[in-house]
Amino acid sequence: MSEELQCGAVENEHTYTGLRIASIFVILAGSSFGALFPVIAKRNPFFSVPKTVYEFAKYFGSGVIIATAFIHLLAPAFEALGNECLGEGWKTYPWAAAITMMSTFALFLTELFAFRIGTAKLEALKVDYDPHGHALAQAGHHSAHGPEAERSHPPKEKEVDSSDVEAHDHARVTAFYSTTMAQIIGVSILEFGVIFHSVLIGLTLAVDEDFKVLFIVLVFHQTFEGLGLGSRLAYLDLPDAWSWARYAGAVAYGLTTPIGIAIGLGVRSTYNPGSSTASAVSGCLDAISAGILLYTGLVELLAHEFVFNPEAHKAPLGKLLYSIGCMVLGAGLMSLLGRWA
């Protein structure tokens with residue numbers, strides 16, 4: 001047996017095989033429900049869910065995402081990359097923090113230059129825009145962070161001819177689809193950060209000796225995390241041609257942890273979660289995902305919902321405290337689950 005496989009628990013648990021298989025379907029149901037319910041309920045009049053419930057889910061979900069970044073990704077990244085099985089190169093530098101920082105900067109630079117390009121394109125078309133989408137929020141519309149086209153300068157009747165109308169329509173369509181793509185990219189980045197984490201915890205659940213406790217905790221963990229993602233998907237303002245993106249995102253999230261469990265069950269005779277390779281890979285992926293969710297949670301969700309949002313500035317104190325309370329509740333419950341998983 002190689003030295004690498006001797007470092008860590010070589011013999012994975014083969015107990016509760018039936019329950020481990022059943023966990024695939026239980027977590028699939030919980031994850032899918034958490035992610036899909038806000039999306040379906042928001043667009044189906046049959047449910048008649050009050051607006052306050054959606055707002056609770058949105059702010060609660062923001063707290064869940066931030067706690068996931070700190071407690072369920074960053075902390076495990078430090079633990080995995082501090083594994084004694086890793087070589088000296090991993091021990092001479094805080095790689096978990098460095099990789100998280102690089103991930104955050106990479107996302108920041110990607111978004112910065114993407115919006116510079118998008119802004120230049122909209123200005124060339126002479127389309128007014130709101131870089132953070134707050135003008136529409138004040139008008140009673142919910143939108144994701146991104147360039148928002150406004151029709152604040154309608155052409156005068158005497159100046160309108162066929163070429164002007166065609167150019168104006170082209171500008172509006174271009175701005176509309178720029179906004180659509182900005183929303184889809186923003187939520188895709190959020191989902192990308194969650195998916196790696198979900199697959200890894202599925203692998204862990206399949207081989208962990210404390211299966212029963214971990215299983216119960218992960219049912220709540222994945223449902224809460226799905227609720228956070230689903231509430232963001234539900235608020236996407238997309239054209240009909242792109243409406244499938246909401247459901248695709250929710251379904252993809254629901255499948256990730258069950259896929260991880262299935263893979264773990266399939267390779268549990270050879271997979272060694274304590275090996276140097278597994279520790280390095282899982283630690284790096286957790287650190288990358290932590291950087292993504294930290295930027296998304298603190299900048300895209302928290303800052304743009306509260307600090308830079310005129311609605312929050314003018315909202316009654318009670319409503320503001322309620323929103324903050326929902327967010328703190330989500331972060332608190334997700335942090336509590338970190339005691340066990």
# chains A, B, ... in the order shown; residues from 1 in each chain; ligands from 1
$ closest_atom_pairs --of "stretch 55-74 of chain A" --to "stretch 222-226 of chain A" --cutoff "12 Å" --atoms "only C-alpha atoms" --output "CSV"
residue,atom,partner,partner_atom,distance
A:Ala57,CA,A:Phe224,CA,9.6
A:Lys58,CA,A:Phe224,CA,11.4
A:Tyr59,CA,A:Phe224,CA,12.0
A:Phe60,CA,A:Phe224,CA,8.8
A:Gly61,CA,A:Glu225,CA,7.0
A:Ser62,CA,A:Glu225,CA,9.5
A:Gly63,CA,A:Glu225,CA,9.7
A:Val64,CA,A:Glu225,CA,6.2
A:Ile65,CA,A:Glu225,CA,6.8
A:Ile66,CA,A:Glu225,CA,10.3
A:Ala67,CA,A:Glu225,CA,9.9
A:Thr68,CA,A:Glu225,CA,8.0
A:Ala69,CA,A:Glu225,CA,11.1
A:His72,CA,A:Glu225,CA,11.0
$ closest_residue --among "A:Leu205, A:Leu233, A:Val307, A:Ile292" --to "A:Thr100" --atoms "only C-alpha atoms"
A:Ile292
$ select_by_dssp --residues "stretch 31-63 of chain A" --states "alpha helix (DSSP H)" --output "compact mmCIF listing (two decimals) with N, CA and C atoms, in the first residue's frame"
# COMPACT_ATOMS: atom_id res chain seq x y z
N SER A 31 -32.91 19.53 -1.11
CA SER A 31 -32.19 20.55 -1.88
C SER A 31 -33.07 21.13 -2.98
N SER A 32 -33.74 20.24 -3.70
CA SER A 32 -34.58 20.67 -4.82
C SER A 32 -35.76 21.50 -4.33
N PHE A 33 -36.36 21.09 -3.20
CA PHE A 33 -37.47 21.86 -2.65
C PHE A 33 -37.02 23.26 -2.27
N GLY A 34 -35.88 23.35 -1.55
CA GLY A 34 -35.39 24.66 -1.12
C GLY A 34 -35.11 25.58 -2.29
N ALA A 35 -34.54 25.04 -3.38
CA ALA A 35 -34.18 25.88 -4.52
C ALA A 35 -35.35 26.15 -5.45
N LEU A 36 -36.22 25.16 -5.64
CA LEU A 36 -37.30 25.29 -6.62
C LEU A 36 -38.54 26.01 -6.07
N PHE A 37 -38.84 25.83 -4.78
CA PHE A 37 -40.09 26.39 -4.27
C PHE A 37 -40.20 27.90 -4.45
N PRO A 38 -39.17 28.70 -4.10
CA PRO A 38 -39.31 30.15 -4.33
C PRO A 38 -39.52 30.50 -5.79
N VAL A 39 -38.86 29.76 -6.70
CA VAL A 39 -38.97 30.04 -8.13
C VAL A 39 -40.38 29.74 -8.62
N ILE A 40 -40.92 28.57 -8.24
CA ILE A 40 -42.25 28.17 -8.69
C ILE A 40 -43.33 29.03 -8.05
N ALA A 41 -43.22 29.24 -6.74
CA ALA A 41 -44.26 29.97 -6.01
C ALA A 41 -44.37 31.42 -6.47
N LYS A 42 -43.24 32.03 -6.84
CA LYS A 42 -43.28 33.44 -7.24
C LYS A 42 -44.05 33.64 -8.54
N ARG A 43 -44.09 32.60 -9.38
CA ARG A 43 -44.70 32.75 -10.70
C ARG A 43 -45.98 31.93 -10.87
N LYS A 51 -45.93 38.73 -0.17
CA LYS A 51 -44.65 39.34 -0.51
C LYS A 51 -43.67 39.29 0.64
N THR A 52 -44.21 39.38 1.88
CA THR A 52 -43.32 39.35 3.05
C THR A 52 -42.57 38.03 3.16
N VAL A 53 -43.17 36.94 2.69
CA VAL A 53 -42.51 35.63 2.74
C VAL A 53 -41.31 35.62 1.78
N TYR A 54 -41.50 36.20 0.60
CA TYR A 54 -40.39 36.27 -0.36
C TYR A 54 -39.27 37.15 0.18
N GLU A 55 -39.64 38.26 0.81
CA GLU A 55 -38.61 39.13 1.37
C GLU A 55 -37.87 38.43 2.50
N PHE A 56 -38.60 37.67 3.33
CA PHE A 56 -37.94 36.90 4.38
C PHE A 56 -36.95 35.91 3.76
N ALA A 57 -37.40 35.19 2.73
CA ALA A 57 -36.54 34.19 2.09
C ALA A 57 -35.31 34.85 1.48
N LYS A 58 -35.49 36.03 0.88
CA LYS A 58 -34.37 36.71 0.23
C LYS A 58 -33.31 37.11 1.25
N TYR A 59 -33.72 37.76 2.34
CA TYR A 59 -32.75 38.21 3.33
C TYR A 59 -32.20 37.05 4.15
N PHE A 60 -33.05 36.09 4.48
CA PHE A 60 -32.60 34.88 5.17
C PHE A 60 -31.55 34.17 4.32
N GLY A 61 -31.82 34.07 3.03
CA GLY A 61 -30.89 33.41 2.11
C GLY A 61 -29.56 34.13 2.01
N SER A 62 -29.58 35.47 2.08
CA SER A 62 -28.33 36.22 2.05
C SER A 62 -27.46 35.87 3.25
N GLY A 63 -28.10 35.75 4.42
CA GLY A 63 -27.37 35.36 5.62
C GLY A 63 -26.80 33.95 5.50
$ atom_distance --atom1 "atom CA of A:Ile24" --atom2 "atom CA of A:Ile201"
12.1 Å
$ atom_distance --atom1 "atom CA of A:Leu337" --atom2 "atom CA of A:Val267"
27.0 Å
$ closest_residue --among "A:Leu107, A:Cys85, A:Met334, A:Leu227" --to "A:Ile185" --atoms "only C-alpha atoms"
A:Leu107
$ closest_atom_pairs --of "stretch 23-131 of chain A" --to "stretch 272-286 of chain A" --cutoff "6 Å" --atoms "only C-alpha atoms" --output "JSON lines"
{"residue": "A:Leu73", "atom": "CA", "partner": "A:Asp286", "partner_atom": "CA", "distance": 5.0}
{"residue": "A:Ala77", "atom": "CA", "partner": "A:Gly283", "partner_atom": "CA", "distance": 4.2}
{"residue": "A:Ala80", "atom": "CA", "partner": "A:Gly283", "partner_atom": "CA", "distance": 4.9}
{"residue": "A:Leu81", "atom": "CA", "partner": "A:Gly283", "partner_atom": "CA", "distance": 5.4}
{"residue": "A:Cys85", "atom": "CA", "partner": "A:Ser276", "partner_atom": "CA", "distance": 5.1}
{"residue": "A:Leu86", "atom": "CA", "partner": "A:Ser276", "partner_atom": "CA", "distance": 5.1}
$ closest_residue --among "A:Thr110, A:Thr257, A:Thr92, A:Ser103" --to "A:Thr204" --atoms "only C-alpha atoms"
A:Thr257
$ atom_distance --atom1 "atom CA of A:Phe220" --atom2 "atom CA of A:Ser198"
13.0 Å
$ residues_around --residues "A:Arg232" --least-positions-apart "3" --cutoff "8 Å" --atoms "only C-alpha atoms" --output "number ranges by chain"
A: 58, 187, 228-229, 235-236
